[in-house]
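One file, final37.csv, carrying CSV, N, CA and C atoms:
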chain,number,residue,atom,x,y,z
A,19,MET,N,0.9,-1.2,0.0
A,19,MET,CA,0.0,0.0,0.0
A,19,MET,C,0.9,1.2,0.0
A,20,ASP,N,0.6,2.2,-0.8
A,20,ASP,CA,1.5,3.4,-0.9
A,20,ASP,C,1.1,4.4,0.1
A,21,GLN,N,2.0,5.4,0.3
A,21,GLN,CA,1.9,6.4,1.4
A,21,GLN,C,0.6,7.2,1.2
A,22,GLU,N,0.2,7.5,0.0
A,22,GLU,CA,-0.9,8.3,-0.3
A,22,GLU,C,-2.2,7.6,0.1
A,23,THR,N,-2.3,6.3,-0.2
A,23,THR,CA,-3.5,5.5,0.2
A,23,THR,C,-3.5,5.3,1.7
A,24,ARG,N,-2.4,5.1,2.3
A,24,ARG,CA,-2.3,4.9,3.7
A,24,ARG,C,-2.8,6.2,4.4
A,25,ALA,N,-2.3,7.4,4.0
A,25,ALA,CA,-2.7,8.7,4.6
A,25,ALA,C,-4.2,8.9,4.4
A,26,PHE,N,-4.7,8.6,3.2
A,26,PHE,CA,-6.2,8.7,2.9
A,26,PHE,C,-7.0,7.8,3.9
A,27,LEU,N,-6.6,6.6,4.0
A,27,LEU,CA,-7.3,5.7,4.9
A,27,LEU,C,-7.2,6.1,6.4
A,28,ASP,N,-6.0,6.6,6.8
A,28,ASP,CA,-5.9,7.1,8.2
A,28,ASP,C,-6.8,8.3,8.4
A,29,ARG,N,-6.9,9.2,7.4
A,29,ARG,CA,-7.8,10.4,7.6
A,29,ARG,C,-9.3,9.9,7.7
A,30,LYS,N,-9.7,8.9,6.9
A,30,LYS,CA,-11.0,8.4,6.9
A,30,LYS,C,-11.3,7.7,8.2
A,31,PHE,N,-10.4,6.9,8.7
A,31,PHE,CA,-10.6,6.2,9.9
A,31,PHE,C,-10.7,7.1,11.1
A,32,THR,N,-9.8,8.2,11.1
A,32,THR,CA,-9.8,9.2,12.1
A,32,THR,C,-11.2,9.9,12.1
A,33,ALA,N,-11.7,10.3,10.9
A,33,ALA,CA,-13.0,11.0,10.8
A,33,ALA,C,-14.1,10.1,11.4
A,34,ILE,N,-14.0,8.8,11.0
A,34,ILE,CA,-15.1,7.8,11.5
A,34,ILE,C,-15.0,7.7,13.0
A,35,ASP,N,-13.8,7.6,13.5
A,35,ASP,CA,-13.6,7.5,15.0
A,35,ASP,C,-14.2,8.7,15.7
A,36,GLN,N,-13.9,9.9,15.1
A,36,GLN,CA,-14.5,11.2,15.7
A,36,GLN,C,-16.0,11.2,15.7
A,37,LYS,N,-16.5,10.8,14.5
A,37,LYS,CA,-18.0,10.8,14.4
A,37,LYS,C,-18.6,9.7,15.4
A,38,PHE,N,-17.9,8.6,15.6
A,38,PHE,CA,-18.4,7.6,16.5
A,38,PHE,C,-18.4,8.1,17.9
A,39,ALA,N,-17.3,8.8,18.3
A,39,ALA,CA,-17.1,9.4,19.6
A,39,ALA,C,-18.2,10.4,19.9
A,40,GLU,N,-18.5,11.3,18.9
A,40,GLU,CA,-19.5,12.3,19.0
A,40,GLU,C,-20.9,11.6,19.2
A,41,ALA,N,-21.2,10.6,18.4
A,41,ALA,CA,-22.4,9.9,18.5
A,41,ALA,C,-22.6,9.3,19.8
A,42,THR,N,-21.5,8.7,20.3
A,42,THR,CA,-21.5,8.1,21.7
A,42,THR,C,-21.8,9.1,22.7
A,43,ARG,N,-21.2,10.3,22.7
A,43,ARG,CA,-21.4,11.4,23.6
A,43,ARG,C,-22.9,11.8,23.5
A,44,ASP,N,-23.4,12.0,22.3
A,44,ASP,CA,-24.7,12.5,22.1
A,44,ASP,C,-25.7,11.4,22.7
A,45,SER,N,-25.5,10.2,22.4
A,45,SER,CA,-26.4,9.2,22.9
A,45,SER,C,-26.3,9.0,24.4
A,46,ASP,N,-25.1,9.2,25.0
A,46,ASP,CA,-25.0,9.2,26.5
A,46,ASP,C,-25.7,10.4,27.1
A,47,GLN,N,-25.6,11.5,26.5
A,47,GLN,CA,-26.4,12.7,27.0
A,47,GLN,C,-27.9,12.5,26.9
A,48,LYS,N,-28.3,12.0,25.8
A,48,LYS,CA,-29.8,11.7,25.6
A,48,LYS,C,-30.2,10.7,26.6
A,49,PHE,N,-29.4,9.7,26.8
A,49,PHE,CA,-29.8,8.6,27.8
A,49,PHE,C,-29.9,9.2,29.2
A,50,GLU,N,-28.9,10.1,29.6
A,50,GLU,CA,-29.0,10.7,30.9
A,50,GLU,C,-30.2,11.6,31.0
A,51,GLU,N,-30.5,12.4,30.0
A,51,GLU,CA,-31.7,13.2,30.0
A,51,GLU,C,-32.9,12.4,30.2
A,52,ALA,N,-33.0,11.3,29.4
A,52,ALA,CA,-34.2,10.5,29.5
A,52,ALA,C,-34.3,9.8,30.9
A,53,LYS,N,-33.2,9.5,31.5
A,53,LYS,CA,-33.1,8.9,32.8
A,53,LYS,C,-33.6,9.9,33.8
A,54,ARG,N,-33.1,11.2,33.7
A,54,ARG,CA,-33.5,12.2,34.7
A,54,ARG,C,-35.0,12.4,34.5
A,55,HIS,N,-35.5,12.5,33.3
A,55,HIS,CA,-36.9,12.8,33.1
A,55,HIS,C,-37.8,11.6,33.6
A,56,SER,N,-37.3,10.4,33.4
A,56,SER,CA,-38.0,9.2,33.9
A,56,SER,C,-38.0,9.2,35.4
A,57,ASN,N,-36.9,9.6,36.0
A,57,ASN,CA,-36.9,9.7,37.5
A,57,ASN,C,-37.8,10.7,38.0
A,58,GLN,N,-37.9,11.9,37.3
A,58,GLN,CA,-38.8,12.9,37.7
A,58,GLN,C,-40.3,12.4,37.6
A,59,GLN,N,-40.6,11.8,36.5
A,59,GLN,CA,-41.9,11.2,36.4
A,59,GLN,C,-42.3,10.2,37.4
A,60,PHE,N,-41.3,9.4,37.8
A,60,PHE,CA,-41.5,8.4,38.8
A,60,PHE,C,-41.8,9.0,40.1
A,61,GLU,N,-41.0,10.0,40.5
A,61,GLU,CA,-41.2,10.7,41.7
A,61,GLU,C,-42.5,11.4,41.8
A,62,GLU,N,-42.9,12.0,40.7
A,62,GLU,CA,-44.2,12.7,40.6
A,62,GLU,C,-45.4,11.7,40.8
A,63,ALA,N,-45.2,10.5,40.1
A,63,ALA,CA,-46.2,9.5,40.3
A,63,ALA,C,-46.3,9.0,41.7
A,64,LYS,N,-45.1,8.8,42.3
A,64,LYS,CA,-45.0,8.3,43.7
A,64,LYS,C,-45.7,9.3,44.6
A,65,ARG,N,-45.5,10.6,44.4
A,65,ARG,CA,-46.1,11.6,45.3
A,65,ARG,C,-47.6,11.6,45.1
A,66,PHE,N,-48.0,11.5,43.8
A,66,PHE,CA,-49.5,11.5,43.5
A,66,PHE,C,-50.2,10.3,44.2
A,67,PHE,N,-49.6,9.1,44.0
A,67,PHE,CA,-50.2,7.9,44.6
A,67,PHE,C,-50.1,7.9,46.2
A,68,GLY,N,-49.1,8.6,46.7
A,68,GLY,CA,-49.0,8.8,48.1
A,68,GLY,C,-50.2,9.6,48.6
A,69,VAL,N,-50.5,10.7,47.9
A,69,VAL,CA,-51.7,11.6,48.2
A,69,VAL,C,-53.0,10.8,48.1
A,70,VAL,N,-53.1,10.0,47.0
A,70,VAL,CA,-54.3,9.2,46.8
A,70,VAL,C,-54.5,8.2,47.9
A,71,ALA,N,-53.4,7.5,48.3
A,71,ALA,CA,-53.4,6.5,49.4
A,71,ALA,C,-53.8,7.2,50.7
A,72,GLU,N,-53.3,8.3,51.0
A,72,GLU,CA,-53.6,9.0,52.2
A,72,GLU,C,-55.1,9.4,52.2
A,73,ASP,N,-55.6,9.9,51.1
A,73,ASP,CA,-57.0,10.2,51.0
A,73,ASP,C,-57.9,8.9,51.2
A,74,LEU,N,-57.5,7.8,50.6
A,74,LEU,CA,-58.2,6.6,50.7
A,74,LEU,C,-58.2,6.1,52.2
A,75,ARG,N,-57.1,6.3,52.9
A,75,ARG,CA,-57.0,5.9,54.3
A,75,ARG,C,-58.0,6.7,55.1
A,76,GLY,N,-58.1,8.0,54.8
A,76,GLY,CA,-59.1,8.8,55.5
A,76,GLY,C,-60.5,8.4,55.2
A,77,GLN,N,-60.8,8.1,54.0
A,77,GLN,CA,-62.2,7.6,53.6
A,77,GLN,C,-62.5,6.3,54.3
A,78,ILE,N,-61.5,5.4,54.3
A,78,ILE,CA,-61.7,4.1,54.9
A,78,ILE,C,-61.9,4.2,56.4
A,79,GLN,N,-61.2,5.2,57.0
A,79,GLN,CA,-61.4,5.4,58.4
A,79,GLN,C,-62.8,5.9,58.7
A,80,LEU,N,-63.3,6.8,57.9
A,80,LEU,CA,-64.7,7.3,58.0
A,80,LEU,C,-65.7,6.2,57.9
A,81,VAL,N,-65.5,5.3,56.9
A,81,VAL,CA,-66.4,4.1,56.8
A,81,VAL,C,-66.3,3.2,58.0
A,82,ALA,N,-65.1,3.0,58.5
A,82,ALA,CA,-65.0,2.1,59.7
A,82,ALA,C,-65.7,2.7,60.9
A,83,GLU,N,-65.5,4.0,61.1
A,83,GLU,CA,-66.2,4.7,62.2
A,83,GLU,C,-67.7,4.6,62.0
A,84,GLY,N,-68.2,4.8,60.7
A,84,GLY,CA,-69.6,4.7,60.5
A,84,GLY,C,-70.1,3.3,60.8
A,85,VAL,N,-69.4,2.2,60.4
A,85,VAL,CA,-69.8,0.9,60.7
A,85,VAL,C,-69.8,0.6,62.2
A,86,ALA,N,-68.8,1.2,62.9
A,86,ALA,CA,-68.8,1.0,64.4
A,86,ALA,C,-70.0,1.7,65.0
A,87,ASN,N,-70.4,2.9,64.5
A,87,ASN,CA,-71.5,3.5,65.1
A,87,ASN,C,-72.8,2.8,64.8
A,88,VAL,N,-72.9,2.2,63.6
A,88,VAL,CA,-74.1,1.4,63.3
A,88,VAL,C,-74.2,0.2,64.2
A,89,ASN,N,-73.0,-0.5,64.4
A,89,ASN,CA,-73.0,-1.6,65.3
A,89,ASN,C,-73.4,-1.3,66.7
A,90,GLU,N,-72.9,-0.2,67.2
A,90,GLU,CA,-73.4,0.2,68.6
A,90,GLU,C,-74.8,0.5,68.6
A,91,LYS,N,-75.4,1.2,67.6
A,91,LYS,CA,-76.8,1.5,67.6
A,91,LYS,C,-77.6,0.2,67.5
A,92,LEU,N,-77.2,-0.7,66.6
A,92,LEU,CA,-77.9,-2.0,66.5
A,92,LEU,C,-77.8,-2.8,67.8
A,93,ASP,N,-76.7,-2.8,68.5
A,93,ASP,CA,-76.6,-3.4,69.8
A,93,ASP,C,-77.6,-2.8,70.8
A,94,ARG,N,-77.7,-1.5,70.8
A,94,ARG,CA,-78.6,-0.8,71.7
A,94,ARG,C,-80.0,-1.2,71.4
A,95,GLU,N,-80.4,-1.2,70.1
A,95,GLU,CA,-81.7,-1.6,69.7
A,95,GLU,C,-82.1,-3.0,70.0
A,96,VAL,N,-81.1,-3.9,69.8
A,96,VAL,CA,-81.4,-5.3,70.1
A,96,VAL,C,-81.5,-5.5,71.6
A,97,SER,N,-80.7,-4.8,72.4
A,97,SER,CA,-80.8,-4.9,73.8
A,97,SER,C,-82.2,-4.4,74.3
A,98,GLY,N,-82.6,-3.3,73.7
A,98,GLY,CA,-83.9,-2.7,74.0
A,98,GLY,C,-85.0,-3.6,73.7
A,99,LEU,N,-84.9,-4.2,72.5
A,99,LEU,CA,-86.0,-5.2,72.1
A,99,LEU,C,-86.0,-6.4,73.0
A,100,ARG,N,-84.9,-6.9,73.4
A,100,ARG,CA,-84.8,-8.1,74.3
A,100,ARG,C,-85.5,-7.7,75.7
A,101,GLU,N,-85.1,-6.5,76.2
A,101,GLU,CA,-85.6,-6.1,77.4
A,101,GLU,C,-87.2,-5.9,77.3
A,102,GLU,N,-87.6,-5.4,76.3
A,102,GLU,CA,-89.0,-5.2,76.1
A,102,GLU,C,-89.8,-6.5,76.0
A,103,MET,N,-89.1,-7.5,75.2
A,103,MET,CA,-89.7,-8.8,75.1
A,103,MET,C,-89.8,-9.5,76.5
A,104,ARG,N,-88.7,-9.4,77.3
A,104,ARG,CA,-88.7,-10.0,78.6
A,104,ARG,C,-89.8,-9.4,79.5
A,105,ASN,N,-90.0,-8.1,79.4
A,105,ASN,CA,-91.1,-7.5,80.2
A,105,ASN,C,-92.5,-8.0,79.7
A,106,GLU,N,-92.6,-8.1,78.4
A,106,GLU,CA,-93.9,-8.5,77.9
A,106,GLU,C,-94.1,-10.0,78.3
A,107,PHE,N,-93.1,-10.8,78.2
A,107,PHE,CA,-93.3,-12.2,78.6
A,107,PHE,C,-93.6,-12.3,80.1
A,108,ARG,N,-93.0,-11.5,80.9
A,108,ARG,CA,-93.3,-11.5,82.4
A,108,ARG,C,-94.8,-11.1,82.6
A,109,GLU,N,-95.2,-10.1,81.8
A,109,GLU,CA,-96.6,-9.7,82.0
A,109,GLU,C,-97.6,-10.8,81.5
A,110,VAL,N,-97.2,-11.5,80.4
A,110,VAL,CA,-98.1,-12.6,79.9
A,110,VAL,C,-98.1,-13.7,80.9
A,111,LYS,N,-96.9,-14.0,81.5
A,111,LYS,CA,-96.8,-15.1,82.5
A,111,LYS,C,-97.7,-14.7,83.7
A,112,THR,N,-97.6,-13.5,84.1
A,112,THR,CA,-98.3,-13.0,85.3
A,112,THR,C,-99.8,-13.1,85.0
A,113,MET,N,-100.2,-12.7,83.8
A,113,MET,CA,-101.7,-12.8,83.4
A,113,MET,C,-102.1,-14.2,83.4
A,114,ILE,N,-101.3,-15.1,82.9
A,114,ILE,CA,-101.6,-16.5,82.8
A,114,ILE,C,-101.8,-17.1,84.2
A,115,LYS,N,-100.9,-16.7,85.2
A,115,LYS,CA,-101.0,-17.1,86.5
A,115,LYS,C,-102.3,-16.7,87.2
A,116,PHE,N,-102.7,-15.5,86.9
A,116,PHE,CA,-104.0,-14.9,87.5
A,116,PHE,C,-105.2,-15.5,86.9
A,117,SER,N,-105.1,-15.9,85.6
A,117,SER,CA,-106.3,-16.4,85.0
A,117,SER,C,-106.6,-17.8,85.2
Would you give me this structure, written as C-alpha coordinates?
Amino acid sequence: MDQETRAFLDRKFTAIDQKFAEATRDSDQKFEEAKRHSNQQFEEAKRFFGVVAEDLRGQIQLVAEGVANVNEKLDREVSGLREEMRNEFREVKTMIKFS
(Lines of atoms letter the chains of each structure in order from A and count residues from 1; the text may use other names and numbers.)
(Lines give C-alpha, C1' and ligand atoms only; values in the text may rest on other atoms or scores of the structure.)
Protein backbone atom coordinates (compact mmCIF):
# COMPACT_ATOMS: atom_id res chain seq x y z
CA MET A 1 0.00 0.00 0.00
CA ASP A 2 1.47 3.37 -0.94
CA GLN A 3 1.86 6.38 1.37
CA GLU A 4 -0.94 8.33 -0.27
CA THR A 5 -3.47 5.51 0.17
CA ARG A 6 -2.32 4.95 3.73
CA ALA A 7 -2.73 8.66 4.57
CA PHE A 8 -6.16 8.71 2.93
CA LEU A 9 -7.32 5.69 4.93
CA ASP A 10 -5.88 7.12 8.16
CA ARG A 11 -7.84 10.36 7.59
CA LYS A 12 -11.04 8.43 6.89
CA PHE A 13 -10.64 6.16 9.93
CA THR A 14 -9.84 9.18 12.11
CA ALA A 15 -12.96 10.95 10.83
CA ILE A 16 -15.06 7.85 11.48
CA ASP A 17 -13.60 7.51 15.00
CA GLN A 18 -14.46 11.16 15.71
CA LYS A 19 -18.01 10.75 14.43
CA PHE A 20 -18.42 7.60 16.49
CA ALA A 21 -17.12 9.39 19.61
CA GLU A 22 -19.53 12.30 19.00
CA ALA A 23 -22.44 9.92 18.46
CA THR A 24 -21.55 8.08 21.66
CA ARG A 25 -21.42 11.35 23.63
CA ASP A 26 -24.75 12.45 22.14
CA SER A 27 -26.43 9.15 22.92
CA ASP A 28 -24.99 9.19 26.46
CA GLN A 29 -26.36 12.70 26.99
CA LYS A 30 -29.76 11.73 25.61
CA PHE A 31 -29.80 8.64 27.80
CA GLU A 32 -28.97 10.71 30.90
CA GLU A 33 -31.67 13.24 30.02
CA ALA A 34 -34.20 10.46 29.52
CA LYS A 35 -33.12 8.90 32.80
CA ARG A 36 -33.55 12.20 34.68
CA HIS A 37 -36.92 12.76 33.05
CA SER A 38 -37.99 9.22 33.90
CA ASN A 39 -36.87 9.66 37.50
CA GLN A 40 -38.82 12.91 37.74
CA GLN A 41 -41.94 11.25 36.37
CA PHE A 42 -41.50 8.36 38.79
CA GLU A 43 -41.17 10.75 41.75
CA GLU A 44 -44.24 12.69 40.62
CA ALA A 45 -46.25 9.48 40.27
CA LYS A 46 -45.01 8.32 43.67
CA ARG A 47 -46.12 11.60 45.29
CA PHE A 48 -49.47 11.45 43.51
CA PHE A 49 -50.18 7.90 44.64
CA GLY A 50 -49.04 8.80 48.15
CA VAL A 51 -51.66 11.55 48.24
CA VAL A 52 -54.29 9.20 46.81
CA ALA A 53 -53.41 6.51 49.37
CA GLU A 54 -53.63 9.02 52.23
CA ASP A 55 -57.04 10.18 51.00
CA LEU A 56 -58.23 6.58 50.75
CA ARG A 57 -57.02 5.90 54.31
CA GLY A 58 -59.10 8.83 55.50
CA GLN A 59 -62.16 7.63 53.63
CA ILE A 60 -61.72 4.07 54.90
CA GLN A 61 -61.38 5.42 58.44
CA LEU A 62 -64.67 7.29 58.04
CA VAL A 63 -66.40 4.15 56.77
CA ALA A 64 -64.97 2.11 59.67
CA GLU A 65 -66.22 4.71 62.16
CA GLY A 66 -69.64 4.66 60.49
CA VAL A 67 -69.79 0.86 60.72
CA ALA A 68 -68.79 1.01 64.39
CA ASN A 69 -71.55 3.55 65.07
CA VAL A 70 -74.12 1.41 63.29
CA ASN A 71 -72.98 -1.64 65.27
CA GLU A 72 -73.35 0.24 68.55
CA LYS A 73 -76.80 1.51 67.57
CA LEU A 74 -77.87 -1.97 66.49
CA ASP A 75 -76.59 -3.45 69.77
CA ARG A 76 -78.60 -0.85 71.72
CA GLU A 77 -81.72 -1.56 69.66
CA VAL A 78 -81.37 -5.32 70.09
CA SER A 79 -80.81 -4.93 73.84
CA GLY A 80 -83.87 -2.68 74.04
CA LEU A 81 -85.98 -5.17 72.11
CA ARG A 82 -84.84 -8.06 74.30
CA GLU A 83 -85.64 -6.12 77.45
CA GLU A 84 -89.05 -5.17 76.06
CA MET A 85 -89.74 -8.82 75.12
CA ARG A 86 -88.73 -10.00 78.60
CA ASN A 87 -91.09 -7.49 80.17
CA GLU A 88 -93.89 -8.55 77.86
CA PHE A 89 -93.26 -12.25 78.60
CA ARG A 90 -93.34 -11.49 82.36
CA GLU A 91 -96.63 -9.68 81.95
CA VAL A 92 -98.05 -12.55 79.90
CA LYS A 93 -96.83 -15.09 82.49
CA THR A 94 -98.32 -12.98 85.26
CA MET A 95 -101.66 -12.77 83.41
CA ILE A 96 -101.65 -16.50 82.83
CA LYS A 97 -101.04 -17.14 86.55
CA PHE A 98 -103.97 -14.93 87.51
CA SER A 99 -106.34 -16.38 84.97
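Of note, atom CA of A:Thr112 and atom CA of A:Val96 are spaced 24.0 Å apart.
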Check: What does the distance between atom N of A:Asn87 and atom C of A:Arg75 come to in Å, to one decimal place?
Finding: 16.0 Å
Margin query: Could you tell me how far atom N of A:Lys48 sits from atom N of A:Thr32, in Å to one decimal place?
Written below: 23.9 Å
